[in-house]
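Colleague: Structure: final_29.cif, mmCIF, C-alpha atoms and all ligand atoms.
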```cif
data_work
#
loop_
_atom_site.label_atom_id
_atom_site.label_comp_id
_atom_site.auth_asym_id
_atom_site.auth_seq_id
_atom_site.Cartn_x
_atom_site.Cartn_y
_atom_site.Cartn_z
CA MET A 678 11.71 30.47 37.71
CA ALA A 679 10.20 27.39 36.01
CA GLN A 680 6.54 27.53 35.03
CA THR A 681 4.28 24.69 36.18
CA ALA A 682 1.39 22.81 34.63
CA ASP A 683 -0.56 19.63 35.29
CA VAL A 684 0.01 18.49 31.70
CA VAL A 685 2.24 19.82 28.92
CA ILE A 686 1.17 19.01 25.37
CA ILE A 687 3.88 19.21 22.70
CA GLY A 688 2.49 19.96 19.23
CA GLY A 689 -0.30 22.21 17.95
CA GLY A 690 -1.62 19.89 15.26
CA VAL A 691 -5.08 18.37 15.35
CA ASN A 692 -4.04 15.64 17.80
CA GLY A 693 -2.36 18.01 20.25
CA THR A 694 -5.22 20.51 20.16
CA SER A 695 -7.85 17.75 20.44
CA THR A 696 -6.05 16.39 23.50
CA ALA A 697 -5.89 19.87 25.02
CA PHE A 698 -9.63 20.35 24.50
CA HIS A 699 -10.54 16.96 25.91
CA LEU A 700 -8.27 17.39 28.94
CA ALA A 701 -9.97 20.69 29.71
CA SER A 702 -13.41 19.11 29.22
CA LEU A 703 -12.46 16.52 31.83
CA GLY A 704 -11.47 19.26 34.26
CA VAL A 705 -7.71 19.62 33.61
CA ARG A 706 -7.52 23.39 33.17
CA ARG A 707 -3.81 23.76 34.08
CA ALA A 708 -2.72 22.28 30.78
CA HIS A 709 -0.15 24.05 28.60
CA LEU A 710 0.15 23.34 24.86
CA ILE A 711 3.34 24.45 23.15
CA GLU A 712 3.77 24.63 19.38
CA ARG A 713 7.10 25.57 17.86
CA ARG A 714 5.64 27.33 14.82
CA HIS A 715 1.92 28.06 14.44
CA LEU A 716 -1.21 25.96 14.93
CA ALA A 717 -1.60 23.28 12.22
CA ALA A 718 1.94 23.93 10.96
CA GLY A 719 2.57 20.21 10.39
CA ALA A 720 0.61 17.49 8.59
CA THR A 721 -2.68 18.91 9.84
CA GLY A 722 -2.44 22.09 7.79
CA LYS A 723 -1.73 20.07 4.65
CA SER A 724 -4.22 17.29 5.23
CA GLY A 725 -6.73 15.99 2.72
CA ALA A 726 -8.91 15.53 5.80
CA LEU A 727 -10.93 12.61 4.50
CA VAL A 728 -13.34 11.43 7.15
CA ARG A 729 -14.16 7.79 6.41
CA MET A 730 -14.80 4.75 8.56
CA HIS A 731 -13.54 2.08 6.18
CA TYR A 732 -10.54 0.30 7.63
CA THR A 733 -9.51 -3.32 7.43
CA ASN A 734 -9.38 -3.56 11.22
CA GLU A 735 -11.74 -2.86 14.08
CA PRO A 736 -9.68 -0.53 16.36
CA GLU A 737 -9.20 2.13 13.67
CA SER A 738 -12.82 1.90 12.53
CA ARG A 739 -13.85 2.40 16.16
CA LEU A 740 -11.64 5.50 16.50
CA ALA A 741 -13.05 6.85 13.22
CA TRP A 742 -16.63 6.12 14.25
CA GLU A 743 -16.29 7.82 17.64
CA SER A 744 -14.67 10.76 15.85
CA LEU A 745 -17.43 11.01 13.22
CA LYS A 746 -19.91 11.59 16.06
CA VAL A 747 -17.84 14.66 16.98
CA PHE A 748 -17.40 15.94 13.40
CA ARG A 749 -21.17 15.64 12.85
CA ASN A 750 -22.00 17.62 15.98
CA PHE A 751 -18.87 19.75 16.23
CA LYS A 752 -20.58 23.03 17.04
CA ASN A 753 -22.29 21.57 20.09
CA VAL A 754 -19.52 19.27 21.28
CA VAL A 755 -16.50 21.53 20.71
CA GLY A 756 -17.74 24.86 19.39
CA GLY A 757 -16.81 26.63 16.19
CA ASP A 758 -16.89 25.09 12.73
CA CYS A 759 -14.78 22.15 11.53
CA GLY A 760 -16.07 22.46 7.96
CA PHE A 761 -17.39 18.90 7.88
CA GLU A 762 -19.02 18.03 4.53
CA PRO A 763 -20.93 14.73 4.77
CA ILE A 764 -21.05 14.09 1.03
CA GLY A 765 -20.51 10.33 1.27
CA PHE A 766 -17.53 8.04 0.79
CA LEU A 767 -16.80 5.27 -1.71
CA GLN A 768 -14.08 2.66 -1.11
CA LEU A 769 -13.20 0.92 -4.39
CA VAL A 770 -11.19 -2.33 -4.36
CA PRO A 771 -9.70 -4.43 -7.17
CA ALA A 772 -11.04 -7.80 -8.29
CA GLY A 773 -10.03 -10.60 -5.95
CA PHE A 774 -10.82 -8.70 -2.74
CA GLU A 775 -14.62 -8.90 -2.81
CA ALA A 776 -14.80 -11.35 0.12
CA ALA A 777 -12.38 -9.29 2.26
CA LEU A 778 -14.41 -6.17 1.47
CA GLN A 779 -17.60 -7.89 2.59
CA ARG A 780 -16.01 -9.04 5.85
CA ASN A 781 -14.76 -5.50 6.54
CA ILE A 782 -18.20 -4.03 5.85
CA GLU A 783 -19.80 -6.54 8.21
CA ARG A 784 -17.24 -5.74 10.93
CA GLN A 785 -17.98 -2.03 10.54
CA ARG A 786 -21.73 -2.56 10.60
CA ARG A 787 -21.42 -4.48 13.88
CA ILE A 788 -19.78 -1.37 15.39
CA GLY A 789 -22.76 0.69 14.22
CA ILE A 790 -21.26 2.31 11.11
CA ASP A 791 -23.66 3.07 8.26
CA THR A 792 -22.01 1.27 5.34
CA ARG A 793 -22.97 -1.23 2.64
CA ALA A 794 -21.64 -2.88 -0.49
CA VAL A 795 -22.70 -1.27 -3.78
CA THR A 796 -22.89 -2.67 -7.32
CA ARG A 797 -21.16 -1.27 -10.40
CA ASP A 798 -24.41 0.36 -11.50
CA GLU A 799 -24.74 2.05 -8.13
CA ILE A 800 -21.12 3.22 -8.35
CA ARG A 801 -21.86 4.77 -11.76
CA ALA A 802 -24.84 6.60 -10.23
CA LEU A 803 -22.82 7.82 -7.23
CA LEU A 804 -19.81 8.83 -9.34
CA PRO A 805 -21.21 10.02 -12.70
CA GLY A 806 -18.84 9.65 -15.64
CA CYS A 807 -16.68 7.03 -13.97
CA ARG A 808 -15.16 3.92 -15.52
CA ALA A 809 -16.24 0.99 -13.39
CA GLU A 810 -15.25 -2.16 -15.35
CA ASP A 811 -12.02 -2.69 -13.38
CA ILE A 812 -13.65 -2.40 -9.94
CA GLY A 813 -13.98 -5.67 -8.02
CA GLY A 814 -16.11 -4.32 -5.21
CA ALA A 815 -17.07 -1.13 -3.42
CA ALA A 816 -18.31 0.03 -0.04
CA TRP A 817 -20.50 3.11 0.39
CA GLU A 818 -20.71 5.25 3.53
CA PRO A 819 -23.44 7.88 3.08
CA GLY A 820 -22.56 9.81 6.26
CA SER A 821 -18.80 10.19 5.72
CA GLY A 822 -17.02 12.99 3.84
CA TYR A 823 -14.23 15.44 4.59
CA ALA A 824 -13.56 18.40 6.87
CA ASP A 825 -11.39 21.52 7.01
CA PRO A 826 -8.27 20.41 8.91
CA ASN A 827 -7.04 23.90 9.78
CA ALA A 828 -10.45 24.98 11.04
CA THR A 829 -10.72 21.79 13.10
CA ALA A 830 -7.38 22.35 14.86
CA TYR A 831 -8.08 26.06 15.38
CA ALA A 832 -11.50 25.25 16.87
CA PHE A 833 -10.11 22.62 19.25
CA ALA A 834 -7.43 25.09 20.37
CA GLU A 835 -9.88 27.94 20.84
CA ALA A 836 -12.30 25.76 22.81
CA ALA A 837 -9.41 24.56 25.01
CA ARG A 838 -8.24 28.13 25.52
CA GLN A 839 -11.71 29.22 26.59
CA LEU A 840 -11.72 26.43 29.17
CA GLY A 841 -8.45 27.71 30.65
CA VAL A 842 -5.72 25.86 28.72
CA THR A 843 -2.63 27.90 27.80
CA ILE A 844 -2.03 27.67 24.05
CA GLU A 845 1.41 29.00 23.20
CA THR A 846 2.80 29.13 19.67
CA GLY A 847 6.41 29.97 18.75
CA ARG A 848 7.77 27.85 21.61
CA GLU A 849 9.77 24.69 20.99
CA ALA A 850 10.22 21.73 23.34
CA THR A 851 13.91 20.84 23.36
CA ARG A 852 13.92 17.99 25.92
CA ILE A 853 11.56 15.93 28.02
CA VAL A 854 13.06 15.82 31.51
CA THR A 855 12.76 12.73 33.69
CA GLU A 856 13.56 12.66 37.40
CA ARG A 857 13.32 9.70 39.77
CA GLY A 858 12.25 7.48 36.88
CA ARG A 859 9.33 9.53 35.58
CA VAL A 860 8.43 12.66 33.63
CA ALA A 861 9.17 15.84 35.57
CA ALA A 862 9.32 18.71 33.08
CA VAL A 863 9.72 19.92 29.52
CA GLU A 864 12.66 22.10 28.61
CA THR A 865 11.89 24.61 25.88
CA ASP A 866 13.68 27.37 23.99
CA LYS A 867 11.92 29.77 26.38
CA GLY A 868 12.51 28.06 29.70
CA ARG A 869 11.37 25.00 31.61
CA ILE A 870 7.80 23.92 32.39
CA ASP A 871 7.50 21.52 35.33
CA ALA A 872 4.72 18.96 34.85
CA PRO A 873 4.03 15.38 36.00
CA ALA A 874 2.49 14.45 32.64
CA VAL A 875 3.50 15.20 29.05
CA VAL A 876 1.60 14.45 25.84
CA LEU A 877 3.90 14.15 22.85
CA ALA A 878 2.10 14.89 19.55
CA PRO A 879 4.94 16.26 17.39
CA GLY A 880 4.04 14.73 14.03
CA ALA A 881 7.05 14.19 11.76
CA TRP A 882 9.36 16.20 14.04
CA GLY A 883 9.40 13.92 17.10
CA GLN A 884 12.54 11.81 16.86
CA GLY A 885 14.80 14.43 18.48
CA LEU A 886 12.68 14.30 21.65
CA LEU A 887 12.52 10.49 21.68
CA ASP A 888 16.27 9.81 21.23
CA PRO A 889 17.44 11.14 24.65
CA LEU A 890 14.77 8.94 26.30
CA GLY A 891 16.17 5.87 24.51
CA LEU A 892 12.94 5.47 22.53
CA ASP A 893 13.19 4.18 18.98
CA PHE A 894 10.01 2.86 17.36
CA GLY A 895 11.42 2.85 13.83
CA LEU A 896 9.47 5.98 12.82
CA MET A 897 10.24 7.52 9.43
CA PRO A 898 9.31 11.05 8.20
CA HIS A 899 7.75 10.93 4.75
CA ARG A 900 6.73 13.65 2.27
CA VAL A 901 3.19 13.38 0.84
CA GLN A 902 1.80 15.48 -2.02
CA ILE A 903 -1.62 16.43 -3.33
CA CYS A 904 -2.78 18.17 -6.50
CA ILE A 905 -5.93 20.13 -7.36
CA PHE A 906 -7.72 20.10 -10.75
CA ARG A 907 -10.46 22.48 -11.90
CA TRP A 908 -13.46 20.55 -13.18
CA PRO A 909 -13.46 20.21 -16.99
CA PRO A 910 -16.52 21.11 -19.08
CA GLY A 911 -19.39 18.74 -18.43
CA VAL A 912 -18.52 18.09 -14.77
CA SER A 913 -20.82 20.20 -12.65
CA ARG A 914 -21.83 18.10 -9.65
CA ARG A 915 -19.79 17.52 -6.51
CA HIS A 916 -18.73 13.88 -6.37
CA PRO A 917 -18.31 11.90 -3.15
CA VAL A 918 -14.99 11.22 -1.45
CA VAL A 919 -13.29 8.23 -3.09
CA ILE A 920 -10.42 5.92 -2.19
CA ASP A 921 -9.57 4.06 -5.37
CA ALA A 922 -7.44 1.06 -4.38
CA VAL A 923 -7.34 -0.01 -8.06
CA HIS A 924 -5.44 3.13 -9.10
CA GLN A 925 -3.83 3.76 -5.69
CA SER A 926 -5.40 7.18 -5.41
CA TRP A 927 -7.82 9.11 -3.23
CA PHE A 928 -9.84 12.18 -4.17
CA ARG A 929 -12.51 14.54 -2.95
CA PRO A 930 -14.11 17.81 -4.00
CA GLU A 931 -12.21 20.98 -3.15
CA GLY A 932 -14.51 23.99 -2.95
CA THR A 933 -17.38 24.06 -5.44
CA HIS A 934 -15.58 23.45 -8.77
CA SER A 935 -12.42 21.46 -8.15
CA THR A 936 -11.14 18.03 -7.14
CA LEU A 937 -8.22 17.37 -4.78
CA ILE A 938 -6.33 14.15 -5.46
CA GLY A 939 -3.44 12.25 -3.93
CA VAL A 940 -1.68 9.22 -5.42
CA GLU A 941 0.33 6.73 -3.39
CA LEU A 942 4.05 6.83 -4.20
CA GLY A 943 5.47 4.29 -1.79
CA VAL A 944 7.23 5.26 1.38
CA GLY A 945 10.62 6.95 1.53
CA HIS A 946 12.50 9.12 4.00
CA THR A 947 12.56 12.94 3.75
CA ASP A 948 14.12 15.38 6.21
CA PRO A 949 11.17 17.27 7.77
CA GLU A 950 13.38 20.32 8.43
CA LYS A 951 14.20 20.75 4.74
CA PHE A 952 11.31 19.41 2.67
CA ASP A 953 9.85 21.14 -0.39
CA GLU A 954 6.28 22.32 0.37
CA GLY A 955 5.39 22.59 -3.32
CA VAL A 956 4.12 19.88 -5.66
CA ASP A 957 6.51 18.17 -8.14
CA PRO A 958 5.68 18.48 -11.89
CA ASP A 959 5.90 14.72 -12.48
CA TYR A 960 3.53 14.17 -9.56
CA VAL A 961 0.97 16.45 -11.23
CA ALA A 962 1.19 14.31 -14.38
CA LEU A 963 0.76 11.14 -12.32
CA CYS A 964 -2.32 12.56 -10.56
CA ARG A 965 -3.90 13.54 -13.89
CA GLU A 966 -3.26 10.03 -15.23
CA GLN A 967 -4.73 8.22 -12.21
CA LEU A 968 -7.73 10.53 -11.86
CA SER A 969 -8.63 10.28 -15.54
CA ALA A 970 -8.24 6.50 -15.41
CA ARG A 971 -11.31 6.60 -13.12
CA LEU A 972 -12.99 9.80 -14.41
CA PRO A 973 -11.94 10.17 -18.10
CA ALA A 974 -13.23 13.77 -18.38
CA PHE A 975 -10.37 14.91 -16.13
CA ARG A 976 -7.83 14.27 -18.89
CA ASP A 977 -8.61 17.88 -19.97
CA ALA A 978 -8.84 19.36 -16.47
CA GLY A 979 -6.82 22.44 -15.58
CA MET A 980 -4.26 22.09 -12.82
CA ARG A 981 -4.91 24.60 -10.02
CA GLY A 982 -2.06 23.97 -7.59
CA GLY A 983 -0.90 21.54 -4.99
CA TRP A 984 1.32 21.15 -2.00
CA ALA A 985 3.35 18.70 0.04
CA GLY A 986 3.27 17.94 3.75
CA MET A 987 5.13 15.69 6.16
CA ILE A 988 3.74 12.64 7.89
CA MET A 989 5.51 10.20 10.22
CA MET A 990 5.29 6.57 9.12
CA SER A 991 5.52 3.79 11.70
CA PRO A 992 7.03 0.45 10.65
CA ASP A 993 3.60 -1.17 10.26
CA GLY A 994 1.82 1.95 9.01
CA ARG A 995 -0.39 2.26 12.10
CA PRO A 996 -0.12 4.97 14.74
CA VAL A 997 1.43 4.53 18.17
CA ILE A 998 -0.97 5.84 20.84
CA ASP A 999 0.28 4.95 24.27
CA GLN A 1000 1.41 5.75 27.76
CA ILE A 1001 5.04 4.86 27.16
CA PRO A 1002 5.70 2.10 29.72
CA SER A 1003 9.42 2.88 30.22
CA VAL A 1004 8.71 6.59 30.90
CA PRO A 1005 5.85 6.96 33.41
CA GLY A 1006 3.98 10.21 32.80
CA LEU A 1007 4.75 10.27 29.06
CA TYR A 1008 1.74 9.87 26.76
CA ALA A 1009 2.26 9.85 23.01
CA MET A 1010 0.53 10.06 19.66
CA LEU A 1011 3.29 9.13 17.19
CA GLY A 1012 3.64 7.66 13.70
CA ASP A 1013 0.39 9.14 12.41
CA SER A 1014 1.13 7.29 9.15
CA GLY A 1015 -1.02 9.68 7.13
CA THR A 1016 -4.40 8.59 8.45
CA SER A 1017 -4.84 10.35 11.79
CA PHE A 1018 -6.90 13.43 11.00
CA LYS A 1019 -10.20 11.58 10.87
CA THR A 1020 -9.49 9.84 14.17
CA SER A 1021 -8.14 12.88 16.03
CA PRO A 1022 -11.27 13.68 18.07
CA ALA A 1023 -11.26 10.17 19.58
CA ILE A 1024 -7.46 10.04 19.92
CA GLY A 1025 -7.48 13.26 21.94
CA ARG A 1026 -10.37 12.06 24.07
CA CYS A 1027 -8.69 8.69 24.76
CA LEU A 1028 -5.39 10.33 25.77
CA ALA A 1029 -7.23 12.73 28.07
CA GLU A 1030 -9.17 9.83 29.63
CA TRP A 1031 -5.92 7.94 30.14
CA ILE A 1032 -4.41 10.87 32.06
CA VAL A 1033 -7.53 11.65 34.09
CA HIS A 1034 -9.09 8.21 34.63
CA GLY A 1035 -6.01 5.97 34.39
CA LYS A 1036 -7.09 4.33 31.15
CA PRO A 1037 -8.88 5.20 27.91
CA ARG A 1038 -12.63 4.65 28.02
CA THR A 1039 -13.85 5.61 24.54
CA VAL A 1040 -11.83 3.03 22.57
CA ASP A 1041 -9.50 0.23 23.69
CA LEU A 1042 -6.04 1.34 22.50
CA THR A 1043 -4.16 -1.92 23.16
CA ALA A 1044 -3.61 -2.51 19.44
CA PHE A 1045 -1.80 0.85 19.17
CA ARG A 1046 0.72 0.07 21.97
CA SER A 1047 4.31 1.22 21.46
CA THR A 1048 5.76 -2.13 22.52
CA ARG A 1049 4.28 -4.11 19.60
CA PHE A 1050 7.48 -3.75 17.53
CA ALA A 1051 9.80 -4.91 20.34
CA GLU A 1052 7.39 -7.81 20.96
CA GLY A 1053 7.82 -8.82 17.32
CA LYS A 1054 4.08 -8.35 16.78
CA PRO A 1055 3.68 -5.53 14.24
CA TRP A 1056 0.14 -4.86 13.17
CA VAL A 1057 -1.23 -7.09 10.38
CA ASP A 1058 -4.83 -6.97 9.14
CA PRO A 1059 -6.35 -10.26 7.99
CA ASP A 1060 -8.66 -8.62 5.45
CA SER A 1061 -6.36 -6.07 3.79
CA TYR A 1062 -6.51 -5.40 0.06
CA GLY A 1063 -3.05 -6.66 -0.70
CA ARG A 1064 -1.14 -3.39 -1.00
CA GLU A 1065 1.43 -2.74 1.65
CA ARG A 1066 3.10 0.48 2.83
CA LEU A 1067 0.29 2.80 1.81
CA THR A 1068 -0.06 6.23 3.41
CA ILE A 1069 -3.22 8.36 3.14
CA SER A 1070 -5.37 5.72 1.42
CA ARG A 1071 -4.46 2.78 3.66
CA PRO A 1072 -7.65 1.04 4.63
C1 LIG B 1 -1.02 15.69 2.10
C2 LIG B 1 -1.66 14.98 3.30
C3 LIG B 1 -2.92 14.45 3.19
C4 LIG B 1 -3.51 13.81 4.27
N1 LIG B 1 -4.79 13.33 4.14
C5 LIG B 1 -5.40 12.76 5.21
C6 LIG B 1 -6.74 12.34 5.13
O1 LIG B 1 -7.37 12.48 4.08
N2 LIG B 1 -7.34 11.82 6.24
C7 LIG B 1 -6.65 11.65 7.40
O2 LIG B 1 -7.24 11.14 8.36
N3 LIG B 1 -5.37 12.03 7.52
C8 LIG B 1 -4.74 12.59 6.46
N4 LIG B 1 -3.45 13.00 6.55
C9 LIG B 1 -2.74 12.75 7.80
C10 LIG B 1 -3.15 13.74 8.87
O3 LIG B 1 -3.15 15.04 8.37
C11 LIG B 1 -2.19 13.58 10.05
O4 LIG B 1 -2.19 12.24 10.47
C12 LIG B 1 -2.60 14.46 11.23
O5 LIG B 1 -2.83 15.79 10.81
C13 LIG B 1 -1.51 14.42 12.28
O6 LIG B 1 -1.80 15.39 13.27
P1 LIG B 1 -0.82 15.57 14.48
O7 LIG B 1 -1.40 16.62 15.34
O8 LIG B 1 -0.52 14.24 15.09
O9 LIG B 1 0.58 16.03 13.81
P2 LIG B 1 0.93 17.39 13.02
O10 LIG B 1 -0.25 17.98 12.37
O11 LIG B 1 2.11 17.08 12.17
O12 LIG B 1 1.35 18.39 14.17
C14 LIG B 1 2.55 18.26 14.91
C15 LIG B 1 2.89 19.65 15.41
O13 LIG B 1 3.91 19.55 16.38
C16 LIG B 1 4.78 20.66 16.24
N5 LIG B 1 6.04 20.29 16.86
C17 LIG B 1 6.89 19.31 16.47
N6 LIG B 1 7.94 19.25 17.30
C18 LIG B 1 7.75 20.18 18.25
C19 LIG B 1 8.52 20.61 19.38
N7 LIG B 1 9.67 20.04 19.68
N8 LIG B 1 8.02 21.61 20.16
C20 LIG B 1 6.83 22.20 19.84
N9 LIG B 1 6.09 21.86 18.77
C21 LIG B 1 6.54 20.86 17.99
C22 LIG B 1 4.87 20.83 14.72
O14 LIG B 1 5.29 22.12 14.37
C23 LIG B 1 3.44 20.54 14.29
O15 LIG B 1 2.64 21.71 14.21
C24 LIG B 1 -2.81 13.68 5.50
C25 LIG B 1 -1.54 14.24 5.62
C26 LIG B 1 -0.96 14.90 4.53
C27 LIG B 1 0.41 15.52 4.69
#
```
Could you rewrite the structure in this file as structure tokens?
Ligand SMILES: Cc1cc2nc3c(=O)[nH]c(=O)nc-3n(C[C@H](O)[C@H](O)[C@H](O)COP(=O)(O)OP(=O)(O)OC[C@H]3O[C@@H](n4cnc5c(N)ncnc54)[C@H](O)[C@@H]3O)c2cc1C

Modeller:
Amino acid sequence: MAQTADVVIIGGGVNGTSTAFHLASLGVRRAHLIERRHLAAGATGKSGALVRMHYTNEPESRLAWESLKVFRNFKNVVGGDCGFEPIGFLQLVPAGFEAALQRNIERQRRIGIDTRAVTRDEIRALLPGCRAEDIGGAAWEPGSGYADPNATAYAFAEAARQLGVTIETGREATRIVTERGRVAAVETDKGRIDAPAVVLAPGAWGQGLLDPLGLDFGLMPHRVQICIFRWPPGVSRRHPVVIDAVHQSWFRPEGTHSTLIGVELGVGHTDPEKFDEGVDPDYVALCREQLSARLPAFRDAGMRGGWAGMIMMSPDGRPVIDQIPSVPGLYAMLGDSGTSFKTSPAIGRCLAEWIVHGKPRTVDLTAFRSTRFAEGKPWVDPDSYGRERLTISRP
């Protein structure tokens, strides 16, 4: 006999678990999350988990800002520990983008975000030992930082479970069933679950569920790597989180004596069922080069490991967060594009509000609509920093 639920959530990453928690908080206790492997098995478990507000558009800054309020007060709002470290965030941009940077800062300040422009001398004080001559401008967010992505997803799932949600790992959705023109059930490798609403948060593994529904948003799975370096002699203080748009890199402390760095490589397709979870040797060399271009002491830093994870890029590099108009009852968080950890608390809350209240209340999600590609209106930011097709460090 088929099981039943009010909502089935597909995917046990940070967006699926956040949605499960927020649904339960709004009173939907008959929700059922299924995850084909284990919690945080996808991008979430590999995330750099930078938590910064700096974007070159308002909707993403709003999602990040609403999410920061949750990260800051996680124990009281969700329960458990998300490992948030508010050590501050620096956005560095090349010369020529000073005016765009200023406009972005002003837009963020209007939302309520604590951010300001800083001078080269201030950058040198915030990031001791750095080379600053090639920096055109910088924004500083004292309250931003990074979190523990696994702990965040586990905590959302545990809080949802305590509120009555069924969290089931080792169960794979094989088809979303529609009947009479709307969502009716999810077929899985362990039987069918009847439900009038489904939230699809499958990360890089979603296309197989979209194809039978005739949904093609041009999503592309992409492998992203990071590398960790032990601090060299003379480096003894934890630095802030940095996105360095001059050297196309992003880095943050890892533990008490190391730095985790990622460098943008451009976007290319990789099969998410067969990708290599380790870090490539030439990528390690590239990371050392880009990190020491900003912090010269790291030329002699010891490499301490690295990994690769899978993200799903959308054609314009922005997520799709929507109630899919052609499939009533289907809600989706797709095309995370490598920047959707920091926004996951608000994404989950908005999706839950959509299901319970008929529309999202926390943030207006119109800009994230799935139809923007078919309309010929992909997302373009007026004040971007001139580099297209970025992943993790896209502002
Ligand atoms: C190396 C790296 C660094 C990153 N750094 C940052 C950062 O600094 N800041 C930031 O904000 N973001 C960052 N990201 C991106 C961020 O981690 C992702 O955007 C976010 O974790 C996506 O979460 P998700 O829940 O949508 O997807 P995922 O975490 O990918 O979860 C999807 C889950 O769905 C499951 N699943 C898929 N198909 C099915 C099915 N058919 N049935 C059941 N389960 C299924 C998968 O097993 C997986 O566990 C980074 C990503 C990587 C890889």

Colleague: Please, which residues have at least one atom within 7 Å of an atom of ligand LIG 1 (chain B), using only C-alpha atoms and all ligand atoms, listed as a PyMOL selection string?

Modeller: chain A and resi 687-693+711-728+848-851+878-883+886+901-903+985-988+1010-1011+1013-1020+1069

Colleague: Choose the residue, out of A:Arg900, A:Lys752, A:Arg838, A:His1034, that has the smallest atom-to-atom separation from A:Leu703; count all atoms listed in the file.

Modeller: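 Once distances to A:Leu703 are computed over all atoms listed in the file, the minimum belongs to A:His1034.
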
Colleague: Of the residues A:Glu941, A:Glu818, A:Glu966, A:Glu743, which is the one nearest to A:Gly765, using all atoms listed in the file?

Modeller: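 Counting all atoms listed in the file, the residue closest to A:Gly765 is A:Glu818.
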
Colleague: Report, in Å with one decimal, the straight-line distance from atom CA of A:Thr855 to atom CA of A:Gly891.

Modeller: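 Here the two named atoms are 12.0 Å from each other.
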
Colleague: Could you list, as a ChimeraX atom specification, every residue within 12 Å of A:Leu892, counting all atoms listed in the file and ignoring same-chain residues fewer than 2 positions away?

Modeller: /A:853,883-890,894-896,1001-1004,1007,1009,1011,1047-1048,1050-1051

Colleague: Would you compute the distance between atom CA of A:Asp893 and atom CA of A:Phe1045? Give it in Å to one decimal.

Modeller: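 Result for atom CA of A:Asp893 versus atom CA of A:Phe1045: 15.4 Å, one decimal.
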
Colleague: Select, from A:Phe766, A:Phe952, A:Tyr732, A:Phe698, the residue with the minimum atom-to-atom distance to A:Ile920, counting only C-alpha atoms.

Modeller: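 Under the stated criterion, the closest residue is A:Phe766.
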
Colleague: Given the choices A:Val770, A:Ala974, A:Ala962, A:Val705, which gets closest to A:Pro910 if the distance is worked out from only C-alpha atoms?

Modeller: A:Ala974

Colleague: If I take atom CA of A:Asn827 and atom CA of A:Val1040, how far is one from the other in Å, to one decimal?

Modeller: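 Taking atom CA of A:Asn827 and atom CA of A:Val1040, their separation equals 24.9 Å.
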
Colleague: Which of these, A:Ala697, A:Ala834, A:Leu767, A:Leu972, has the shortest distance to A:Ile1024 once you count all atoms listed in the file?

Modeller: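 Closest candidate: A:Ala697.
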
Colleague: Show me, as a tab-separated table (two decimals) with C-alpha atoms, keeping the file's coordinate frame, the residues that have an atom within 9 Å of A:Val795 when counting all atoms listed in the file, minus same-chain residues fewer than 6 positions from it.

Modeller:
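Ended up saving to out.tsv:
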```tsv
chain	number	residue	atom	x	y	z
A	814	GLY	CA	-16.11	-4.32	-5.21
A	815	ALA	CA	-17.07	-1.13	-3.42
A	816	ALA	CA	-18.31	0.03	-0.04
A	817	TRP	CA	-20.50	3.11	0.39
```

Colleague: Go through A:Pro1072, A:Trp984, A:His699, A:Ala1023 one by one, measure the shortest atom-to-atom distance of each to A:Leu840 using all atoms listed in the file, and give the residue with the smallest value.

Modeller: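 Ranking A:Pro1072, A:Trp984, A:His699, A:Ala1023 by distance to A:Leu840, first place goes to A:His699.
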
Colleague: Residues within 10 Å of A:His934, please, as an mmCIF file with C-alpha atoms, in the coordinates of the input. Count only C-alpha atoms; anything in the same chain fewer than 2 positions from it doesn't count.

Modeller:
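Listing of around27.cif after writing:
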```
data_model
loop_
_atom_site.group_PDB
_atom_site.id
_atom_site.type_symbol
_atom_site.label_atom_id
_atom_site.label_comp_id
_atom_site.auth_asym_id
_atom_site.auth_seq_id
_atom_site.Cartn_x
_atom_site.Cartn_y
_atom_site.Cartn_z
ATOM 1 C CA PHE A 906 -7.720 20.100 -10.750
ATOM 2 C CA ARG A 907 -10.460 22.480 -11.900
ATOM 3 C CA TRP A 908 -13.460 20.550 -13.180
ATOM 4 C CA PRO A 909 -13.460 20.210 -16.990
ATOM 5 C CA VAL A 912 -18.520 18.090 -14.770
ATOM 6 C CA SER A 913 -20.820 20.200 -12.650
ATOM 7 C CA ARG A 914 -21.830 18.100 -9.650
ATOM 8 C CA ARG A 915 -19.790 17.520 -6.510
ATOM 9 C CA PRO A 930 -14.110 17.810 -4.000
ATOM 10 C CA GLU A 931 -12.210 20.980 -3.150
ATOM 11 C CA GLY A 932 -14.510 23.990 -2.950
ATOM 12 C CA THR A 936 -11.140 18.030 -7.140
#
```

Colleague: What lies within 7 Å of A:Gly982 using all atoms listed in the file, ignoring chain neighbours under 2 positions off, as a list in words?

Modeller: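 Everything that qualifies: Cys904, Ile905 and Met980 of chain A.
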
Colleague: Could you list as a PDB file with C-alpha atoms, keeping the file's coordinate frame every residue that has an atom within 6 Å of (-6.4, 21.8, 26.8), using the file's coordinates and counting all atoms listed in the file?

Modeller:
```
ATOM      1  CA  ALA A 697      -5.890  19.870  25.020  1.00  0.00           C
ATOM      2  CA  PHE A 698      -9.630  20.350  24.500  1.00  0.00           C
ATOM      3  CA  LEU A 700      -8.270  17.390  28.940  1.00  0.00           C
ATOM      4  CA  ALA A 701      -9.970  20.690  29.710  1.00  0.00           C
ATOM      5  CA  ALA A 708      -2.720  22.280  30.780  1.00  0.00           C
ATOM      6  CA  ALA A 837      -9.410  24.560  25.010  1.00  0.00           C
ATOM      7  CA  VAL A 842      -5.720  25.860  28.720  1.00  0.00           C
TER       8      VAL A 842
END
```
